[in-house]
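Let me begin by presenting the structure, written as structure tokens, before commenting on it.
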Amino acid sequence: MSKFKSAALIFLIFYSFNTYSQKKVLLAKSTTENITIDGKINEEIWETESIATDFIMFEPDNGKPISDNKKTAVKVLYDNNAIYIAALLYDDEPNKIKKEITKRDVFGVSDNFSVSINGFNDGQQDFRFFVSSAGVQMDCLAIEESEDFTWDAIWDSKAIITNFGWVVEMKIPYAALRFSNAEKQTWGLNFMREIKRDNQRYTWNRVDTKIGAVIPQAGILEGIENIKTPTRLFFIPYTSTYYQQNDLGSDKTLKAGLDIKYGINDSFTLDAILVPDFGQTKFDNAILNLEPFEQKLDENRPFFTEGTDLFNKGGLLYSRRIGGAPSTEPIIGANEEIINYPSTVNLLNAVKVSGRTERGLGIGFLNAVTKETFATIYDNSTNETRKEVIEPLTNYNILALDQRFNQNSSVSFVNTNTTRNGGFRDANVSALLFDLNTKSNTYNLYGDFKYSSINTIENYDGFKTSLNFAKTSGRYRYLLSGKYISKDYDINDLGIIFYTNYHNAYANASYRIVNPTANFNTFKIEQEVNLEIQNTTGKLQEGWYKTVIKATTLKNNYFEFQFNINPLNKFNFYEPRQDGRYVHIPKSIIGYALFTSDKNKALSYEIESAVTKFDEEHRVEYILGSGAKYRFNDKVSLAYNLQYFRKVNDRGWVDQDNTGIIFAERNREIVQNDLSGKYAINNKMTLNLTARYYWSYSQNHQFLTLQDNGYLVQNNTYSLNKNRNFNSWNFDLSYSWWFAPGSEISILYRNYAQESSRAVEKKLSSNFKNVFDSNLTTIFSISLRYFIDYNVVKNKF
């Protein structure tokens, strides 16, 4: 077939004129009447004739009409400030409606109602607003197969249980949405109702689960015309006070700062953070890290989690780099030692601008500046100290351009840049991405080309490219994927990547049911094959076959099974910690099983286990996990999880000396305990408990030397103690009160400690005692955030 014919065929496939079934249309009605959000829906203006009804089941029995005794009716009003939604959710057994009270963005065991709004009607991103039957708000930014619940909008809602079911009333200000400046608005719209006790979800416009994409299957909202939206300018001042105490003494700190949100227009928003304070963010889960790579940490800072979908395109942003660990270590003399090395760099300020034009072009720009940071060095011979820069004044920025078209496709360009003051390392990474889907969302072609450039003592460039083709609808689906990453591809100044210098081929085929059967509500089986070849040597880096089975029974219990076989010898090019060296990894077989009971019950539990057997004498790995949650009532719940890992005759790097690279044959164990609890005083006020105890050890019993061919031989001369014993404790008890929309008072009691030694202690009680005998740090903090709307202040004065 000629190149021209091949191109023409691809064009016809991806721009076929198949269409969805007829979309429902709802008309919003204009109002000048003051709408009180009280759940009573007693204003006369609600007597509108345009009603969203005739909901259809989304899951589990896709396509089944809702029953008469669960009928749902929704109406929409609007004015120059907001849209208003009233939903009547009928239920023939109101006393059985699930209504657990949780903190914001936690669904719990509750019925809920939601609205999904796409202000550009481009089929690619929704603003979703949920209200539970207990009156708790949840909201998120949604793209296909991803919901970002770290995004929090300012909106109002009220839910009331009635004698015929329950009622929801919502006010969503235009400031919480993004849309064009057209005189006549046409929005994508869908409503969803979840009946928790039956584990059923219904949508207003039918969402066919045989089609992979959900967002393009929304209905249409029309009728919003000639609105004059108010200025979107919000100030969120905050102040925090901290008291910290440990074995070295105590300290008091008072902090204050300001967040600013400004709507440049109805489509674009500027967010700025001045004098940031992240003292009450969730703690990091410290571990005994024996891997050749850094530990990847979760992002818990609101500025870097809220509304960052544009900046995360291409996977070039690992926001923990901003204000993370310093990038260098000081050079010290023979008589010197480092007596103070800050673990993090202070963030001075950050700003982001993001939005989308009427023609579907998304534009995002993020900029952050971190403070110059010093290490303190002590000279033992002169008793003098000096300071050396370990991280200069640094600027981070990201530019993202994302053009959407055809309701389901996009082309994107992303550029990240890190510029450090002086002669320190600078970096720039650019990426071109494409994601093309047929009109009917049956097939998907996507890929990327990324290029990195590093400016340091020795400049170097690298690239990564991939191409993927998938069938994304129907019971039978598949994915074919290939990628190439050069040796010097490096995004680690603002992103994170561990493995480079390889090419890869991957295939996945799957089958699923789309309606319940006699035994299952859901069932899916996947077959996967993956092959990775290291570029320089041509040696196998990864090569496995996997079968995965996932199923939910009619009683809402969940099962998952995996079988993974690694039938070929492969090589690890990173564990030796030296460029050009590699270590042999033997063949292996992995089995995994998971069971989760029905979470609607007062007592729910989970059990998981995994076994990995290597083609090496007595080398095996075990994973056992269990957890249970008990819901005492709609306000109080307690959950406990235990994970246990054991590695017998594991092999890993321990040192390098003049004889070569030293490995050890070792036994490892990891025990992690997590306890969480909640007491919901009401749907605006909660007490939350989070505790974590982690213990791990690594005990070496045979040292080995790495040969040039990647295999290990016995080493009888090395005798240094490289054992590790590590304990970590975290405890958070917090009180949160959302006393007004966007305004919160939070009180936190926190204590934490870490203990590490070369002496392995295998008695759990002794380890637990040791971590508390170490330098336990206690923090008590109070934080106040207050949301100020410029329009409210302006009207008052």
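Ordered as shown in the structure tokens, chains take letters A, B, and onward, while each chain numbers its residues from 1 and ligands are numbered from 1 in the order shown.
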
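Residue neighbourhood of stretch 246-251 of chain A, excluding near-sequence residues (fewer than 5 positions): Asn751, Tyr752, Ala753, Ser774, Asn775, Leu776, Thr777, Thr778 and Ile779 of chain A, at 10 Å, using only C-alpha atoms.
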
**Request:** Using DSSP on the backbone, list every residue of stretch 515-673 of chain A that comes out as strand (DSSP E or B), and give them as JSON, numbers by chain.
**Result:** {"A": [520, 521, 522, 523, 524, 525, 526, 527, 528, 529, 530, 531, 532, 533, 534, 540, 541, 542, 543, 544, 545, 546, 547, 548, 549, 550, 551, 552, 553, 558, 559, 560, 561, 562, 563, 564, 565, 566, 570, 571, 572, 583, 584, 585, 588, 589, 590, 591, 592, 593, 594, 595, 596, 603, 604, 605, 606, 607, 608, 609, 610, 611, 612, 613, 614, 620, 621, 622, 623, 624, 625, 626, 627, 628, 629, 630, 631, 636, 637, 638, 639, 640, 641, 642, 643, 644, 645, 646, 647, 648, 649, 650, 651, 652, 653, 654, 655, 656, 657, 660, 661, 662, 663, 664, 665, 666, 667, 668, 669, 670, 671, 672, 673]}

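Excluding A:Ile161 and any residue on its chain fewer than 6 positions from it, the residues at most 10 Å away by only C-alpha atoms are Gly39, Leu89, Pro94, Asn95, Ile97, Lys99, Ser133, Ala134, Gly135, Val167 and Val168 of chain A.
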
Can I get the selection written as an mmCIF file, in the first residue's frame, with N, CA and C atoms?
data_model
loop_
_atom_site.group_PDB
_atom_site.id
_atom_site.type_symbol
_atom_site.label_atom_id
_atom_site.label_comp_id
_atom_site.auth_asym_id
_atom_site.auth_seq_id
_atom_site.Cartn_x
_atom_site.Cartn_y
_atom_site.Cartn_z
ATOM 1 N N GLY A 39 -32.888 24.249 50.476
ATOM 2 C CA GLY A 39 -33.434 22.936 50.196
ATOM 3 C C GLY A 39 -34.944 22.887 50.129
ATOM 4 N N LEU A 89 -35.256 14.031 44.412
ATOM 5 C CA LEU A 89 -34.779 12.661 44.274
ATOM 6 C C LEU A 89 -35.726 11.748 45.052
ATOM 7 N N PRO A 94 -37.456 6.266 52.216
ATOM 8 C CA PRO A 94 -36.548 7.331 52.656
ATOM 9 C C PRO A 94 -35.735 6.958 53.894
ATOM 10 N N ASN A 95 -36.275 6.096 54.733
ATOM 11 C CA ASN A 95 -35.566 5.704 55.949
ATOM 12 C C ASN A 95 -34.340 4.849 55.651
ATOM 13 N N ILE A 97 -32.209 5.588 53.089
ATOM 14 C CA ILE A 97 -31.217 6.391 52.376
ATOM 15 C C ILE A 97 -29.928 6.449 53.193
ATOM 16 N N LYS A 99 -26.582 7.983 54.544
ATOM 17 C CA LYS A 99 -26.255 9.400 54.754
ATOM 18 C C LYS A 99 -25.130 9.576 55.769
ATOM 19 N N SER A 133 -26.336 13.031 50.572
ATOM 20 C CA SER A 133 -27.606 13.115 51.303
ATOM 21 C C SER A 133 -27.400 13.655 52.714
ATOM 22 N N ALA A 134 -26.141 13.657 53.187
ATOM 23 C CA ALA A 134 -25.823 14.257 54.486
ATOM 24 C C ALA A 134 -25.441 15.720 54.353
ATOM 25 N N GLY A 135 -25.469 16.262 53.116
ATOM 26 C CA GLY A 135 -25.177 17.669 52.895
ATOM 27 C C GLY A 135 -23.711 17.990 52.681
ATOM 28 N N VAL A 167 -33.968 16.123 48.788
ATOM 29 C CA VAL A 167 -33.927 17.290 47.914
ATOM 30 C C VAL A 167 -32.538 17.913 47.991
ATOM 31 N N VAL A 168 -32.059 18.366 46.853
ATOM 32 C CA VAL A 168 -30.791 19.098 46.796
ATOM 33 C C VAL A 168 -31.027 20.437 46.122
#

Please build the interface table for stretch 422-476 of chain A against stretch 301-315 of chain A with a cut-off of 8 Å, listing for each qualifying residue the nearest atom pair and the distance in Å to one decimal; count only C-alpha atoms, order rows by chain and increasing number, and write it as CSV.
residue,atom,partner,partner_atom,distance
A:Ala431,CA,A:Gly314,CA,6.9
A:Leu433,CA,A:Gly314,CA,7.0
A:Asp448,CA,A:Gly314,CA,7.9

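Rounded to one decimal, atom CA of A:Arg785 and atom CA of A:Phe235 lie 10.0 Å from each other.
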
Can you tell me, as a PDB file with N, CA, C and O atoms, in the first residue's frame, what residues are no more than 10 Å from A:Phe55 when counting only C-alpha atoms, ignoring any on the same chain fewer than 5 positions away?
ATOM      1  N   GLY A  63     -27.998   1.307  30.797  1.00  0.00           N
ATOM      2  CA  GLY A  63     -29.076   1.476  29.840  1.00  0.00           C
ATOM      3  C   GLY A  63     -30.457   1.210  30.383  1.00  0.00           C
ATOM      4  O   GLY A  63     -31.459   1.480  29.704  1.00  0.00           O
ATOM      5  N   LYS A  64     -30.565   0.744  31.614  1.00  0.00           N
ATOM      6  CA  LYS A  64     -31.863   0.425  32.201  1.00  0.00           C
ATOM      7  C   LYS A  64     -32.507   1.699  32.736  1.00  0.00           C
ATOM      8  O   LYS A  64     -31.904   2.443  33.500  1.00  0.00           O
ATOM      9  N   PRO A  65     -33.774   1.993  32.364  1.00  0.00           N
ATOM     10  CA  PRO A  65     -34.437   3.214  32.849  1.00  0.00           C
ATOM     11  C   PRO A  65     -34.636   3.161  34.366  1.00  0.00           C
ATOM     12  O   PRO A  65     -34.818   2.101  34.952  1.00  0.00           O
ATOM     13  N   ILE A  66     -34.609   4.336  34.994  1.00  0.00           N
ATOM     14  CA  ILE A  66     -34.826   4.402  36.434  1.00  0.00           C
ATOM     15  C   ILE A  66     -36.282   4.051  36.734  1.00  0.00           C
ATOM     16  O   ILE A  66     -37.183   4.332  35.935  1.00  0.00           O
ATOM     17  N   SER A  67     -36.518   3.412  37.878  1.00  0.00           N
ATOM     18  CA  SER A  67     -37.870   2.994  38.234  1.00  0.00           C
ATOM     19  C   SER A  67     -38.697   4.199  38.684  1.00  0.00           C
ATOM     20  O   SER A  67     -38.159   5.228  39.097  1.00  0.00           O
ATOM     21  N   LYS A  70     -38.076   5.697  42.066  1.00  0.00           N
ATOM     22  CA  LYS A  70     -36.798   6.401  42.247  1.00  0.00           C
ATOM     23  C   LYS A  70     -36.684   7.551  41.247  1.00  0.00           C
ATOM     24  O   LYS A  70     -35.574   7.987  40.925  1.00  0.00           O
ATOM     25  N   LYS A  71     -37.797   8.033  40.747  1.00  0.00           N
ATOM     26  CA  LYS A  71     -37.749   9.058  39.704  1.00  0.00           C
ATOM     27  C   LYS A  71     -37.017  10.306  40.205  1.00  0.00           C
ATOM     28  O   LYS A  71     -36.992  10.615  41.406  1.00  0.00           O
ATOM     29  N   THR A  72     -36.409  11.012  39.269  1.00  0.00           N
ATOM     30  CA  THR A  72     -35.572  12.173  39.582  1.00  0.00           C
ATOM     31  C   THR A  72     -35.945  13.316  38.654  1.00  0.00           C
ATOM     32  O   THR A  72     -36.119  13.107  37.444  1.00  0.00           O
ATOM     33  N   ALA A  73     -36.067  14.524  39.204  1.00  0.00           N
ATOM     34  CA  ALA A  73     -36.413  15.700  38.409  1.00  0.00           C
ATOM     35  C   ALA A  73     -35.484  16.848  38.795  1.00  0.00           C
ATOM     36  O   ALA A  73     -35.328  17.152  39.985  1.00  0.00           O
ATOM     37  N   PHE A 191     -26.327  15.153  34.751  1.00  0.00           N
ATOM     38  CA  PHE A 191     -26.609  14.962  36.162  1.00  0.00           C
ATOM     39  C   PHE A 191     -26.422  13.479  36.475  1.00  0.00           C
ATOM     40  O   PHE A 191     -26.688  12.611  35.637  1.00  0.00           O
ATOM     41  N   MET A 192     -25.974  13.209  37.690  1.00  0.00           N
ATOM     42  CA  MET A 192     -25.826  11.820  38.107  1.00  0.00           C
ATOM     43  C   MET A 192     -26.388  11.658  39.515  1.00  0.00           C
ATOM     44  O   MET A 192     -26.201  12.518  40.375  1.00  0.00           O
ATOM     45  N   ARG A 193     -27.090  10.561  39.713  1.00  0.00           N
ATOM     46  CA  ARG A 193     -27.619  10.224  41.026  1.00  0.00           C
ATOM     47  C   ARG A 193     -27.102   8.852  41.430  1.00  0.00           C
ATOM     48  O   ARG A 193     -27.194   7.889  40.651  1.00  0.00           O
ATOM     49  N   ARG A 201     -25.892   3.826  39.918  1.00  0.00           N
ATOM     50  CA  ARG A 201     -25.725   5.215  39.501  1.00  0.00           C
ATOM     51  C   ARG A 201     -26.502   5.444  38.214  1.00  0.00           C
ATOM     52  O   ARG A 201     -26.463   4.620  37.298  1.00  0.00           O
ATOM     53  N   TYR A 202     -27.219   6.567  38.188  1.00  0.00           N
ATOM     54  CA  TYR A 202     -28.059   6.929  37.045  1.00  0.00           C
ATOM     55  C   TYR A 202     -27.614   8.295  36.521  1.00  0.00           C
ATOM     56  O   TYR A 202     -27.235   9.182  37.293  1.00  0.00           O
ATOM     57  N   THR A 203     -27.701   8.484  35.194  1.00  0.00           N
ATOM     58  CA  THR A 203     -27.399   9.779  34.593  1.00  0.00           C
ATOM     59  C   THR A 203     -28.615  10.273  33.811  1.00  0.00           C
ATOM     60  O   THR A 203     -29.445   9.477  33.343  1.00  0.00           O
ATOM     61  N   TRP A 204     -28.690  11.586  33.660  1.00  0.00           N
ATOM     62  CA  TRP A 204     -29.780  12.187  32.884  1.00  0.00           C
ATOM     63  C   TRP A 204     -29.613  11.859  31.401  1.00  0.00           C
ATOM     64  O   TRP A 204     -30.505  11.269  30.789  1.00  0.00           O
ATOM     65  N   ASN A 205     -28.494  12.246  30.811  1.00  0.00           N
ATOM     66  CA  ASN A 205     -28.209  11.838  29.434  1.00  0.00           C
ATOM     67  C   ASN A 205     -27.473  10.507  29.483  1.00  0.00           C
ATOM     68  O   ASN A 205     -26.496  10.353  30.224  1.00  0.00           O
ATOM     69  N   ARG A 206     -27.944   9.538  28.746  1.00  0.00           N
ATOM     70  CA  ARG A 206     -27.376   8.210  28.860  1.00  0.00           C
ATOM     71  C   ARG A 206     -25.883   8.207  28.539  1.00  0.00           C
ATOM     72  O   ARG A 206     -25.438   8.819  27.564  1.00  0.00           O
TER      73      ARG A 206
END

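Every protein or nucleic acid residue with an atom no more than 10 Å from A:Leu480, counting only C-alpha atoms and leaving out same-chain residues fewer than 3 positions away, appears here: Leu445, Leu467, Asn468, Phe469, Ala470, Lys471, Ala505, Tyr506, Ala507, Asn508, Ala509 and Val529 of chain A.
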
**Prompt:** Which one is closest to A:Ile322: A:Pro567, A:Gly482, A:Gly627, A:Gly495? Count only C-alpha atoms.
**Reply:** A:Gly495

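What separates atom CA of A:Ile273 from atom CA of A:Met138 is a distance of 23.8 Å.
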